[in-house]
>>> print(open('data.cif').read())   # mmCIF, C-alpha atoms and all ligand atoms
data_target
loop_
_atom_site.label_atom_id
_atom_site.label_comp_id
_atom_site.auth_asym_id
_atom_site.auth_seq_id
_atom_site.Cartn_x
_atom_site.Cartn_y
_atom_site.Cartn_z
CA MET A 1 66.33 186.84 117.49
CA ASN A 2 63.73 185.94 120.07
CA ILE A 3 62.25 189.08 121.54
CA ASN A 4 60.23 189.15 124.71
CA TYR A 5 58.22 192.20 123.73
CA GLU A 6 56.71 192.59 127.17
CA ASN A 7 60.14 192.71 128.81
CA VAL A 8 61.47 195.18 126.32
CA GLN A 9 58.46 197.43 126.78
CA LYS A 10 58.77 197.32 130.56
CA SER A 11 62.48 198.16 130.51
CA LEU A 12 62.05 200.98 128.03
CA ASN A 13 59.27 202.55 130.06
CA GLU A 14 61.47 202.45 133.14
CA TYR A 15 64.25 204.14 131.22
CA GLY A 16 61.83 206.63 129.69
CA LYS A 17 60.68 207.63 133.15
CA TYR A 18 64.27 208.13 134.23
CA VAL A 19 64.79 210.48 131.28
CA LEU A 20 61.57 212.36 132.08
CA ASN A 21 62.64 212.84 135.69
CA CYS A 22 65.99 214.19 134.54
CA ILE A 23 64.28 216.64 132.20
CA LYS A 24 61.95 217.71 135.00
CA LYS A 25 64.90 218.38 137.26
CA GLU A 26 67.20 219.97 134.71
CA ASN A 27 64.78 221.84 132.43
CA GLY A 28 61.68 222.12 134.59
CA SER A 29 62.04 225.87 135.07
CA SER A 30 61.98 226.39 131.29
CA LEU A 31 58.83 224.34 130.75
CA SER A 32 55.34 225.81 130.73
CA GLN A 33 52.66 224.76 133.20
CA GLU A 34 51.03 222.74 130.46
CA GLN A 35 54.28 221.03 129.55
CA LEU A 36 54.90 220.14 133.17
CA GLN A 37 51.44 218.60 133.32
CA THR A 38 52.21 216.60 130.18
CA LEU A 39 55.41 215.42 131.81
CA ASP A 40 53.64 214.31 134.99
CA ARG A 41 50.96 212.57 132.99
CA LEU A 42 53.62 210.65 131.05
CA LEU A 43 55.29 209.66 134.29
CA SER A 44 52.07 208.05 135.47
CA THR A 45 51.55 205.86 132.38
CA ASP A 46 53.39 203.41 130.17
CA PHE A 47 53.94 205.83 127.34
CA ILE A 48 56.25 203.65 125.27
CA VAL A 49 54.59 200.91 123.24
CA VAL A 50 56.79 198.17 121.82
CA GLU A 51 54.92 196.72 118.88
CA GLN A 52 54.86 193.12 117.69
CA PRO A 53 54.62 192.44 113.96
CA ASN A 54 51.03 192.79 112.80
CA LYS A 55 49.09 193.29 109.60
CA LYS A 56 47.31 196.39 110.82
CA ASP A 57 50.53 198.37 111.18
CA ILE A 58 51.78 197.22 107.80
CA GLU A 59 48.55 198.46 106.27
CA PHE A 60 48.61 201.71 108.24
CA PHE A 61 52.14 202.69 107.25
CA SER A 62 51.77 201.48 103.67
CA ASN A 63 48.74 203.76 103.43
CA GLN A 64 50.72 206.61 104.92
CA ALA A 65 53.33 206.07 102.23
CA GLY A 66 50.56 206.46 99.66
CA ILE A 67 50.22 202.75 98.87
CA THR A 68 46.60 201.79 98.37
CA ASP A 69 46.90 198.42 96.63
CA PRO A 70 46.97 195.69 99.34
CA LYS A 71 49.25 193.62 97.13
CA GLU A 72 51.93 196.25 97.60
CA PHE A 73 51.60 196.60 101.37
CA SER A 74 54.95 195.86 102.90
CA VAL A 75 56.77 195.84 106.20
CA GLU A 76 59.37 198.10 104.60
CA TYR A 77 57.01 201.03 105.17
CA VAL A 78 56.91 200.45 108.91
CA PRO A 79 59.29 202.89 110.63
CA SER A 80 61.62 201.86 113.43
CA ALA A 81 59.82 204.22 115.81
CA HIS A 82 57.65 207.32 115.97
CA GLY A 83 56.20 209.79 118.40
CA GLY A 84 52.79 210.45 119.83
CA ARG A 85 51.16 212.22 116.93
CA THR A 86 51.43 209.52 114.27
CA LYS A 87 48.77 207.29 115.80
CA GLY A 88 47.16 210.11 117.76
CA ASP A 89 47.54 208.36 121.14
CA ASN A 90 50.38 210.53 122.49
CA LYS A 91 52.59 207.45 122.91
CA ILE A 92 55.98 206.55 121.56
CA HIS A 93 55.83 203.42 119.39
CA ILE A 94 58.82 201.25 118.62
CA TYR A 95 58.89 198.47 116.01
CA PRO A 96 61.80 196.14 116.89
CA TYR A 97 61.08 193.78 113.98
CA THR A 98 61.89 196.39 111.32
CA LYS A 99 65.00 196.59 109.20
CA ALA A 100 66.57 199.36 111.26
CA PHE A 101 67.15 196.86 114.07
CA SER A 102 68.47 194.04 111.92
CA ASP A 103 71.97 194.49 113.36
CA CYS A 104 70.75 193.67 116.85
CA LYS A 105 71.54 190.05 117.66
CA THR A 106 70.20 189.87 121.20
CA GLU A 107 67.42 191.42 123.21
CA ASN A 108 70.03 193.35 125.13
CA GLU A 109 71.46 194.88 121.98
CA LEU A 110 67.96 195.84 120.96
CA LEU A 111 67.36 197.51 124.31
CA ASN A 112 70.62 199.40 124.08
CA ASP A 113 69.83 200.57 120.58
CA CYS A 114 66.47 201.93 121.75
CA VAL A 115 67.94 203.53 124.86
CA ASP A 116 70.86 205.12 123.04
CA ASN A 117 69.19 206.25 119.85
CA ILE A 118 65.43 206.42 120.23
CA VAL A 119 63.94 207.01 123.65
CA THR A 120 65.55 210.36 124.53
CA HIS A 121 65.00 211.75 121.05
CA GLU A 122 61.33 210.76 121.07
CA ILE A 123 60.80 212.17 124.55
CA PHE A 124 62.12 215.59 123.52
CA HIS A 125 59.48 215.58 120.78
CA TYR A 126 56.87 216.04 123.52
CA PHE A 127 58.40 219.37 124.50
CA ILE A 128 59.85 220.75 121.28
CA ARG A 129 57.14 221.44 118.70
CA PRO A 130 57.81 224.64 116.78
CA ASN A 131 55.79 223.56 113.74
CA LEU A 132 52.42 222.60 115.17
CA TYR A 133 50.28 225.13 113.39
CA ASP A 134 51.51 224.86 109.87
CA GLU A 135 49.59 224.14 106.78
CA GLU A 136 50.25 220.87 105.03
CA GLY A 137 52.24 220.89 101.83
CA THR A 138 53.98 224.22 102.30
CA ILE A 139 57.67 224.95 102.56
CA ARG A 140 56.89 226.22 106.04
CA GLU A 141 55.64 222.78 107.00
CA GLU A 142 58.68 221.12 105.54
CA PHE A 143 60.88 223.62 107.34
CA GLY A 144 58.97 222.94 110.56
CA HIS A 145 59.83 219.25 110.35
CA PHE A 146 63.42 220.01 109.53
CA LEU A 147 63.78 222.45 112.40
CA THR A 148 61.94 220.23 114.88
CA GLU A 149 64.15 217.23 114.15
CA GLY A 150 67.23 219.43 114.45
CA LEU A 151 66.20 220.86 117.82
CA VAL A 152 65.02 217.52 119.17
CA GLN A 153 68.17 215.72 118.09
CA HIS A 154 70.37 218.53 119.39
CA TYR A 155 68.70 218.31 122.80
CA ALA A 156 68.90 214.51 122.80
CA GLU A 157 72.62 214.70 122.00
CA THR A 158 73.26 217.30 124.70
CA PHE A 159 71.29 215.24 127.21
CA SER A 160 73.37 212.17 126.40
CA GLN A 161 76.61 214.10 126.72
CA ASN A 162 75.61 215.53 130.09
CA HIS A 163 74.76 212.06 131.34
CA ASN A 164 77.82 210.32 129.90
CA LEU A 165 75.71 208.28 127.49
CA PRO A 166 76.69 207.42 123.92
CA THR A 167 75.76 210.08 121.36
CA PRO A 168 72.43 209.07 119.80
CA LYS A 169 72.74 208.14 116.15
CA SER A 170 70.43 209.76 113.64
CA ASN A 171 70.07 210.99 110.10
CA TYR A 172 69.75 214.53 111.35
CA ASP A 173 73.33 215.78 111.30
CA ARG A 174 72.48 218.53 108.90
CA ASN A 175 69.42 219.55 110.91
CA VAL A 176 71.55 219.73 114.05
CA ALA A 177 74.21 221.84 112.32
CA PHE A 178 71.45 224.20 111.20
CA VAL A 179 70.03 224.46 114.72
CA LYS A 180 73.44 225.12 116.25
CA GLU A 181 73.93 228.04 113.89
CA LEU A 182 70.44 229.30 114.61
CA LEU A 183 70.90 229.15 118.38
CA ALA A 184 74.34 230.74 118.10
CA GLY A 185 72.56 233.77 116.63
CA LEU A 186 70.40 234.33 119.73
CA PRO A 187 71.32 237.37 121.83
CA ASP A 188 74.52 236.80 123.82
CA ASN A 189 73.08 237.85 127.15
CA LEU A 190 70.55 235.01 127.41
CA SER A 191 70.99 232.41 130.13
CA LYS A 192 70.80 228.70 129.33
CA GLU A 193 67.41 228.64 131.00
CA GLN A 194 66.18 231.42 128.71
CA VAL A 195 67.50 229.66 125.62
CA ASP A 196 65.76 226.46 126.71
CA ARG A 197 62.53 228.35 127.22
CA ILE A 198 62.78 229.72 123.69
CA VAL A 199 63.35 226.24 122.28
CA PHE A 200 60.51 224.73 124.31
CA SER A 201 57.95 227.40 123.55
CA TYR A 202 58.66 229.41 120.36
CA ASN A 203 57.13 228.63 117.02
CA GLN A 204 59.35 228.57 113.96
CA ASN A 205 58.69 232.19 112.99
CA ASP A 206 59.59 233.50 116.43
CA LEU A 207 62.67 231.31 116.54
CA LEU A 208 63.84 232.61 113.19
CA SER A 209 63.32 236.21 114.16
CA ALA A 210 64.95 235.76 117.56
CA SER A 211 68.22 234.72 115.92
CA LYS A 212 70.33 237.14 113.94
CA ASN A 213 71.18 234.22 111.61
CA GLY A 214 67.53 233.29 111.11
CA LYS A 215 66.78 234.90 107.78
CA GLN A 216 69.96 233.81 106.07
CA LEU A 217 69.62 230.24 107.33
CA TYR A 218 66.02 230.05 106.22
CA ASP A 219 66.79 231.38 102.75
CA ARG A 220 69.48 228.76 102.37
CA PHE A 221 67.05 226.06 103.45
CA VAL A 222 64.45 227.17 100.90
CA GLU A 223 67.01 227.24 98.13
CA ASP A 224 68.11 223.70 98.93
CA ILE A 225 64.55 222.38 99.07
CA GLN A 226 63.62 224.04 95.82
CA PHE A 227 66.66 222.55 94.15
CA LYS A 228 65.80 219.08 95.44
CA ASN A 229 62.23 219.43 94.23
CA ASP A 230 63.41 220.53 90.81
CA VAL A 231 65.77 217.57 90.64
CA SER A 232 62.97 215.19 91.65
CA SER A 233 60.72 216.55 88.92
CA PHE A 234 63.51 216.25 86.44
CA ILE A 235 64.20 212.61 87.28
CA ILE A 236 60.50 211.88 86.85
CA SER A 237 60.72 213.55 83.44
CA ILE A 238 63.60 211.30 82.47
CA GLY A 239 61.64 208.27 83.61
CA GLU A 240 58.52 209.29 81.74
CA ASN A 241 60.53 209.90 78.62
CA LEU A 242 61.76 206.35 78.96
CA GLY A 243 58.16 205.14 79.20
CA MET A 244 58.23 204.53 82.94
CA ASP A 245 55.40 205.29 85.31
CA ARG A 246 56.06 208.43 87.33
CA ASN A 247 55.44 206.45 90.52
CA ASP A 248 57.88 203.71 89.60
CA LYS A 249 59.81 202.53 92.66
CA LYS A 250 63.10 202.74 90.80
CA LEU A 251 62.53 206.43 90.21
CA ALA A 252 61.74 206.91 93.88
CA GLY A 253 65.05 205.26 94.75
CA ILE A 254 66.97 207.46 92.36
CA ILE A 255 65.23 210.58 93.66
CA SER A 256 66.01 209.61 97.22
CA HIS A 257 69.64 209.16 96.24
CA TYR A 258 69.90 212.62 94.70
CA LYS A 259 68.08 214.25 97.59
CA LYS A 260 71.01 213.34 99.80
CA ALA A 261 73.56 215.11 97.67
CA THR A 262 74.78 218.43 98.97
CA ASP A 263 76.88 219.59 96.03
CA LYS A 264 74.51 221.01 93.45
CA LYS A 265 77.16 221.15 90.76
CA ILE A 266 77.91 217.45 91.08
CA VAL A 267 74.20 216.63 90.89
CA ILE A 268 73.73 218.68 87.72
CA ALA A 269 76.85 217.26 86.10
CA ASP A 270 75.76 213.75 86.94
CA LEU A 271 72.28 214.27 85.52
CA GLN A 272 73.78 215.76 82.37
CA ARG A 273 75.91 212.69 81.94
CA ASN A 274 72.92 210.43 82.35
CA VAL A 275 70.79 212.38 79.86
CA GLU A 276 73.69 212.28 77.44
CA VAL A 277 73.86 208.49 77.64
CA LEU A 278 70.16 207.69 77.91
CA PHE A 279 69.04 209.89 75.02
CA LYS A 280 72.05 209.51 72.79
CA GLU A 281 69.85 208.53 69.86
CA ASP A 282 67.04 210.99 70.48
CA LYS A 283 68.50 214.41 69.98
CA GLU A 284 65.20 216.26 70.33
CA THR A 285 64.40 214.85 73.77
CA LYS A 286 68.00 215.14 74.85
CA ASP A 287 68.15 218.83 73.94
CA LYS A 288 64.87 219.50 75.67
CA LEU A 289 65.99 217.77 78.84
CA MET A 290 69.32 219.55 78.78
CA LYS A 291 67.49 222.85 78.49
CA ASP A 292 65.30 221.97 81.47
CA LEU A 293 68.37 221.01 83.40
CA ASP A 294 69.89 224.41 82.71
CA GLU A 295 66.90 226.03 84.35
CA ILE A 296 67.37 224.07 87.55
CA VAL A 297 70.63 225.83 88.38
CA PRO A 298 69.31 228.40 90.82
CA SER A 299 69.69 231.87 89.39
CA LYS A 300 69.47 234.87 91.66
CA GLU A 301 66.27 235.95 89.97
CA ASN A 302 64.52 232.61 90.46
CA LYS A 303 65.64 232.47 94.02
CA ASP A 304 64.15 235.86 94.87
CA LYS A 305 60.88 234.96 93.23
CA ARG A 306 60.73 231.75 95.20
CA ILE A 307 61.38 233.38 98.50
CA ASP A 308 58.57 235.84 97.83
CA ASN A 309 56.20 232.95 97.28
CA LEU A 310 57.08 231.03 100.39
CA ASP A 311 53.68 230.59 101.85
CA LYS A 312 52.00 229.52 98.67
CA LYS A 313 51.22 225.87 98.50
CA PHE A 314 53.49 223.72 96.48
CA LYS A 315 53.50 220.04 95.82
CA LYS A 316 56.27 218.07 97.44
CA VAL A 317 57.23 216.72 94.06
CA ASP A 318 56.24 219.15 91.37
CA THR A 319 54.72 217.93 88.18
CA PRO A 320 57.43 217.48 85.60
CA LYS A 321 58.18 220.45 83.45
CA LYS A 322 56.41 220.43 80.14
CA LEU A 323 57.84 217.31 78.66
CA VAL A 324 54.59 215.71 77.61
CA LEU A 325 55.31 214.01 74.38
CA LYS A 326 53.00 213.97 71.41
CA PRO A 327 51.13 210.65 71.22
CA GLN A 328 53.00 209.28 68.23
CA LYS A 329 56.28 210.23 69.79
CA LYS A 330 55.36 208.63 73.08
CA GLU A 331 54.62 205.46 71.18
CA LYS A 332 58.05 205.64 69.68
CA GLN A 333 59.61 206.19 73.07
CA ASN A 334 57.77 203.26 74.55
CA LYS A 335 58.87 201.02 71.74
CA LYS A 336 62.39 202.14 72.18
CA PHE A 337 62.14 201.56 75.89
CA LYS A 338 60.78 198.06 75.36
CA ALA A 339 63.45 197.33 72.83
CA ILE A 340 66.10 198.27 75.30
CA SER A 341 64.42 196.33 78.09
CA LYS A 342 64.58 193.19 76.03
CA GLN A 343 68.33 193.29 75.91
CA LYS A 344 68.88 194.59 79.38
CA ASN A 345 67.16 196.76 81.89
CA PRO A 346 67.92 200.25 80.64
CA ILE A 347 67.65 201.91 84.00
CA ASN A 348 69.79 199.38 85.77
CA SER A 349 72.43 199.31 83.14
CA LYS A 350 72.51 202.92 82.13
CA PHE A 351 71.91 204.63 85.43
CA LYS A 352 75.04 202.82 86.47
CA ILE A 353 76.60 205.64 88.31
CA ILE A 354 73.50 206.11 90.35
CA ASN A 355 72.86 202.49 91.13
CA LYS A 356 76.25 201.93 92.58
CA THR A 357 75.32 203.70 95.75
CA GLN A 358 71.58 203.60 95.49
CA GLN A 359 71.03 200.51 97.63
CA ASN A 360 72.11 202.27 100.80
CA ASP A 361 69.67 205.03 100.28
CA ILE A 362 66.30 203.40 100.23
CA GLY A 363 66.31 202.10 103.79
CA LEU A 364 67.30 204.80 106.20
CA GLU A 365 69.43 203.31 108.92
CA ASN A 366 68.15 205.38 111.77
CA ALA A 367 64.99 206.92 110.55
CA HIS A 368 63.24 207.00 113.84
CA ASP A 369 60.38 209.15 112.75
CA MET A 370 57.52 208.87 110.41
CA GLN A 371 58.09 212.19 108.76
CA ILE A 372 60.68 210.97 106.37
CA ASP A 373 60.64 213.85 103.97
CA SER A 374 63.39 215.56 102.11
CA ALA A 375 63.85 217.91 105.01
CA SER A 376 64.71 215.19 107.42
CA LEU A 377 66.71 212.99 105.14
CA ASP A 378 70.35 212.65 105.75
CA TYR A 379 72.57 215.00 103.85
CA SER A 380 76.04 213.59 104.13
CA GLN A 381 78.69 216.25 104.50
CA SER A 382 80.43 215.54 101.25
CA GLY A 383 77.49 214.31 99.22
CA PRO A 384 77.35 210.90 97.61
CA THR A 385 80.19 209.83 95.44
CA LEU A 386 78.50 210.04 92.12
CA SER A 387 81.62 210.00 90.07
CA LYS A 388 83.97 207.05 90.09
ZN ZN B 1 62.30 212.91 115.52
#
>>> encode(input="data.cif", output="structure tokens")
Amino acid sequence: MNINYENVQKSLNEYGKYVLNCIKKENGSSLSQEQLQTLDRLLSTDFIVVEQPNKKDIEFFSNQAGITDPKEFSVEYVPSAHGGRTKGDNKIHIYPYTKAFSDCKTENELLNDCVDNIVTHEIFHYFIRPNLYDEEGTIREEFGHFLTEGLVQHYAETFSQNHNLPTPKSNYDRNVAFVKELLAGLPDNLSKEQVDRIVFSYNQNDLLSASKNGKQLYDRFVEDIQFKNDVSSFIISIGENLGMDRNDKKLAGIISHYKKATDKKIVIADLQRNVEVLFKEDKETKDKLMKDLDEIVPSKENKDKRIDNLDKKFKKVDTPKKLVLKPQKKEKQNKKFKAISKQKNPINSKFKIINKTQQNDIGLENAHDMQIDSASLDYSQSGPTLSK
């Protein structure tokens, strides 16, 4: 597709200004003085940048994804779009050449995709920021992203409904469901204007305490995150026991797949099956892994302990549980791994169940934000079909 980037940028800025004027008219009374100033400032500039393919962005986003080796820099790390904080210039950036837009056949389709799914969502990010002051690497930060995307997407969807526009697509269905429950728990006597003011100005703590559902919803969120982190660590353990590098891309793909599952029992059962097959001939490792897997099932006791420790730092992907093999054993594992690789790729052939659906999971269809973390990943309602 031939894209006239200048045209696209001009049209999107015009549309963006229309959205801003609507927000000013419809939500102006719920915005702070400062927010109104932000809005007016945006109206006086071209605040949407439509990017052409360039090396600098590929490097920038590869770096953000933790890739430091220039040989591994790739356009796949460039998001479809992001808001003003990613590059620190307070502008919305859109990358029409990325995979997310590959379905667009004409410039018009591209424009429609941006108008329907990106612009309104990104604009609400300017006014809904409940997580600004949180420390990096904490559950609170992760929750802040999760909550922000939920609120932003919820407001973008409501805006579209009120203006007879198509519902914006996103990977935030679960975030939106969470937010709807949270807002439903606000006192009944609040006007829409008051609810909007809460959404536009409260931080996450105040939002949680304002809603009678806040605590319960938050506890559920923490439990889910902890489970996902445990599963990630466990998959890394499996990989390392097979002689793989913990940063292997295949492992990342498998982790991403499991992070989307909502049914914990299915996840555990599926991992058990895989351990059973992969370590059939290594009883010691198999037993050890099975034991670790048992501990992942959230017990009441673990859960309470975790909730007490909320504000302590934790790594997004914990180091694997103690599965460090003795040197001679590791050697044996590696040999075994190599032996299997010679015949066929062990991961591809044995992680069969996983690989069947894995391809869809690595590229997020509508990941319009940079903060692609487990909190903002799509959680399909029924979970992936892991079993046949
Ligand atoms: Zn967003």
>>> closest_atom_pairs(input="data.cif", of="segment 101-143 of chain A", to="segment 5-20 of chain A", cutoff="7 Å", atoms="all atoms listed in the file", output="JSON lines")
{"residue": "A:Leu111", "atom": "CA", "partner": "A:Val8", "partner_atom": "CA", "distance": 6.6}
{"residue": "A:Val119", "atom": "CA", "partner": "A:Gly16", "partner_atom": "CA", "distance": 6.4}
{"residue": "A:Thr120", "atom": "CA", "partner": "A:Val19", "partner_atom": "CA", "distance": 6.8}
>>> write_last_selection(input="data.cif", atoms="C-alpha atoms", output="mmCIF file, in the coordinates of the input")
data_model
loop_
_atom_site.group_PDB
_atom_site.id
_atom_site.type_symbol
_atom_site.label_atom_id
_atom_site.label_comp_id
_atom_site.auth_asym_id
_atom_site.auth_seq_id
_atom_site.Cartn_x
_atom_site.Cartn_y
_atom_site.Cartn_z
ATOM 1 C CA LEU A 111 67.360 197.510 124.310
ATOM 2 C CA VAL A 119 63.940 207.010 123.650
ATOM 3 C CA THR A 120 65.550 210.360 124.530
#
>>> atom_distance(input="data.cif", atom1="atom CA of Thr167 of chain A", atom2="atom CA of His93 of chain A")
21.1 Å
>>> atom_distance(input="data.cif", atom1="atom CA of Val277 of chain A", atom2="atom CA of Met290 of chain A")
12.0 Å
>>> atom_distance(input="data.cif", atom1="atom CA of Lys250 of chain A", atom2="atom CA of Asp173 of chain A")
26.4 Å
>>> closest_residue(input="data.cif", among="A:Phe47, A:Phe159, A:Tyr172, A:Tyr77", to="ligand ZN 1 (chain B)", atoms="only C-alpha atoms and all ligand atoms")
A:Tyr172
>>> closest_residue(input="data.cif", among="A:Thr262, A:Thr68, A:Thr148, A:Ser80", to="ligand ZN 1 (chain B)", atoms="only C-alpha atoms and all ligand atoms")
A:Thr148
>>> axis_aligned_box(input="data.cif", around="segment 60-76 of chain A", padding_each_side="4 Å", output="AutoDock Vina command-line options")
--center_x 53.0 --center_y 200.1 --center_z 102.4 --size_x 20.8 --size_y 21.0 --size_z 19.6
>>> build_atoms(input="data.cif", residues="segment 198-227 of chain A", atoms="N, CA and C atoms", output="PDB file, keeping the file's coordinate frame")
ATOM      1  N   ILE A 198      63.040 229.366 125.095  1.00  0.00           N
ATOM      2  CA  ILE A 198      62.780 229.720 123.690  1.00  0.00           C
ATOM      3  C   ILE A 198      62.556 228.448 122.872  1.00  0.00           C
ATOM      4  N   VAL A 199      63.457 227.491 123.055  1.00  0.00           N
ATOM      5  CA  VAL A 199      63.350 226.240 122.280  1.00  0.00           C
ATOM      6  C   VAL A 199      62.065 225.490 122.617  1.00  0.00           C
ATOM      7  N   PHE A 200      61.692 225.489 123.899  1.00  0.00           N
ATOM      8  CA  PHE A 200      60.510 224.730 124.310  1.00  0.00           C
ATOM      9  C   PHE A 200      59.192 225.437 123.992  1.00  0.00           C
ATOM     10  N   SER A 201      59.248 226.737 123.706  1.00  0.00           N
ATOM     11  CA  SER A 201      57.950 227.400 123.550  1.00  0.00           C
ATOM     12  C   SER A 201      57.758 228.178 122.240  1.00  0.00           C
ATOM     13  N   TYR A 202      58.842 228.560 121.554  1.00  0.00           N
ATOM     14  CA  TYR A 202      58.660 229.410 120.360  1.00  0.00           C
ATOM     15  C   TYR A 202      58.173 228.597 119.164  1.00  0.00           C
ATOM     16  N   ASN A 203      57.427 229.247 118.307  1.00  0.00           N
ATOM     17  CA  ASN A 203      57.130 228.630 117.020  1.00  0.00           C
ATOM     18  C   ASN A 203      58.256 228.983 116.039  1.00  0.00           C
ATOM     19  N   GLN A 204      58.205 228.404 114.879  1.00  0.00           N
ATOM     20  CA  GLN A 204      59.350 228.570 113.960  1.00  0.00           C
ATOM     21  C   GLN A 204      59.574 230.031 113.573  1.00  0.00           C
ATOM     22  N   ASN A 205      58.508 230.790 113.379  1.00  0.00           N
ATOM     23  CA  ASN A 205      58.690 232.190 112.990  1.00  0.00           C
ATOM     24  C   ASN A 205      59.406 232.980 114.078  1.00  0.00           C
ATOM     25  N   ASP A 206      58.976 232.773 115.328  1.00  0.00           N
ATOM     26  CA  ASP A 206      59.590 233.500 116.430  1.00  0.00           C
ATOM     27  C   ASP A 206      61.045 233.079 116.623  1.00  0.00           C
ATOM     28  N   LEU A 207      61.291 231.789 116.426  1.00  0.00           N
ATOM     29  CA  LEU A 207      62.670 231.310 116.540  1.00  0.00           C
ATOM     30  C   LEU A 207      63.565 231.957 115.491  1.00  0.00           C
ATOM     31  N   LEU A 208      63.049 232.014 114.261  1.00  0.00           N
ATOM     32  CA  LEU A 208      63.840 232.610 113.190  1.00  0.00           C
ATOM     33  C   LEU A 208      64.108 234.079 113.471  1.00  0.00           C
ATOM     34  N   SER A 209      63.075 234.784 113.942  1.00  0.00           N
ATOM     35  CA  SER A 209      63.320 236.210 114.160  1.00  0.00           C
ATOM     36  C   SER A 209      64.149 236.490 115.409  1.00  0.00           C
ATOM     37  N   ALA A 210      64.155 235.535 116.358  1.00  0.00           N
ATOM     38  CA  ALA A 210      64.950 235.760 117.560  1.00  0.00           C
ATOM     39  C   ALA A 210      66.455 235.652 117.286  1.00  0.00           C
ATOM     40  N   SER A 211      66.804 234.933 116.215  1.00  0.00           N
ATOM     41  CA  SER A 211      68.220 234.720 115.920  1.00  0.00           C
ATOM     42  C   SER A 211      68.685 235.653 114.818  1.00  0.00           C
ATOM     43  N   LYS A 212      69.852 236.238 114.996  1.00  0.00           N
ATOM     44  CA  LYS A 212      70.330 237.140 113.940  1.00  0.00           C
ATOM     45  C   LYS A 212      70.717 236.351 112.681  1.00  0.00           C
ATOM     46  N   ASN A 213      70.874 235.044 112.798  1.00  0.00           N
ATOM     47  CA  ASN A 213      71.180 234.220 111.610  1.00  0.00           C
ATOM     48  C   ASN A 213      69.927 233.654 110.945  1.00  0.00           C
ATOM     49  N   GLY A 214      68.767 233.941 111.540  1.00  0.00           N
ATOM     50  CA  GLY A 214      67.530 233.290 111.110  1.00  0.00           C
ATOM     51  C   GLY A 214      67.213 233.437 109.634  1.00  0.00           C
ATOM     52  N   LYS A 215      67.222 234.677 109.146  1.00  0.00           N
ATOM     53  CA  LYS A 215      66.780 234.900 107.780  1.00  0.00           C
ATOM     54  C   LYS A 215      67.703 234.198 106.775  1.00  0.00           C
ATOM     55  N   GLN A 216      68.983 234.388 106.992  1.00  0.00           N
ATOM     56  CA  GLN A 216      69.960 233.810 106.070  1.00  0.00           C
ATOM     57  C   GLN A 216      69.867 232.273 106.056  1.00  0.00           C
ATOM     58  N   LEU A 217      69.723 231.697 107.242  1.00  0.00           N
ATOM     59  CA  LEU A 217      69.620 230.240 107.330  1.00  0.00           C
ATOM     60  C   LEU A 217      68.359 229.744 106.636  1.00  0.00           C
ATOM     61  N   TYR A 218      67.281 230.465 106.842  1.00  0.00           N
ATOM     62  CA  TYR A 218      66.020 230.050 106.220  1.00  0.00           C
ATOM     63  C   TYR A 218      66.088 230.141 104.698  1.00  0.00           C
ATOM     64  N   ASP A 219      66.654 231.233 104.209  1.00  0.00           N
ATOM     65  CA  ASP A 219      66.790 231.380 102.750  1.00  0.00           C
ATOM     66  C   ASP A 219      67.598 230.231 102.157  1.00  0.00           C
ATOM     67  N   ARG A 220      68.638 229.863 102.853  1.00  0.00           N
ATOM     68  CA  ARG A 220      69.480 228.760 102.370  1.00  0.00           C
ATOM     69  C   ARG A 220      68.675 227.454 102.354  1.00  0.00           C
ATOM     70  N   PHE A 221      67.889 227.261 103.379  1.00  0.00           N
ATOM     71  CA  PHE A 221      67.050 226.060 103.450  1.00  0.00           C
ATOM     72  C   PHE A 221      66.092 226.006 102.256  1.00  0.00           C
ATOM     73  N   VAL A 222      65.437 227.129 101.989  1.00  0.00           N
ATOM     74  CA  VAL A 222      64.450 227.170 100.900  1.00  0.00           C
ATOM     75  C   VAL A 222      65.128 226.882  99.563  1.00  0.00           C
ATOM     76  N   GLU A 223      66.283 227.457  99.382  1.00  0.00           N
ATOM     77  CA  GLU A 223      67.010 227.240  98.130  1.00  0.00           C
ATOM     78  C   GLU A 223      67.331 225.752  97.941  1.00  0.00           C
ATOM     79  N   ASP A 224      67.775 225.126  99.005  1.00  0.00           N
ATOM     80  CA  ASP A 224      68.110 223.700  98.930  1.00  0.00           C
ATOM     81  C   ASP A 224      66.882 222.850  98.611  1.00  0.00           C
ATOM     82  N   ILE A 225      65.776 223.154  99.280  1.00  0.00           N
ATOM     83  CA  ILE A 225      64.550 222.380  99.070  1.00  0.00           C
ATOM     84  C   ILE A 225      64.069 222.539  97.628  1.00  0.00           C
ATOM     85  N   GLN A 226      64.091 223.774  97.168  1.00  0.00           N
ATOM     86  CA  GLN A 226      63.620 224.040  95.820  1.00  0.00           C
ATOM     87  C   GLN A 226      64.469 223.278  94.798  1.00  0.00           C
ATOM     88  N   PHE A 227      65.751 223.276  95.039  1.00  0.00           N
ATOM     89  CA  PHE A 227      66.660 222.550  94.150  1.00  0.00           C
ATOM     90  C   PHE A 227      66.334 221.055  94.156  1.00  0.00           C
TER      91      PHE A 227
END
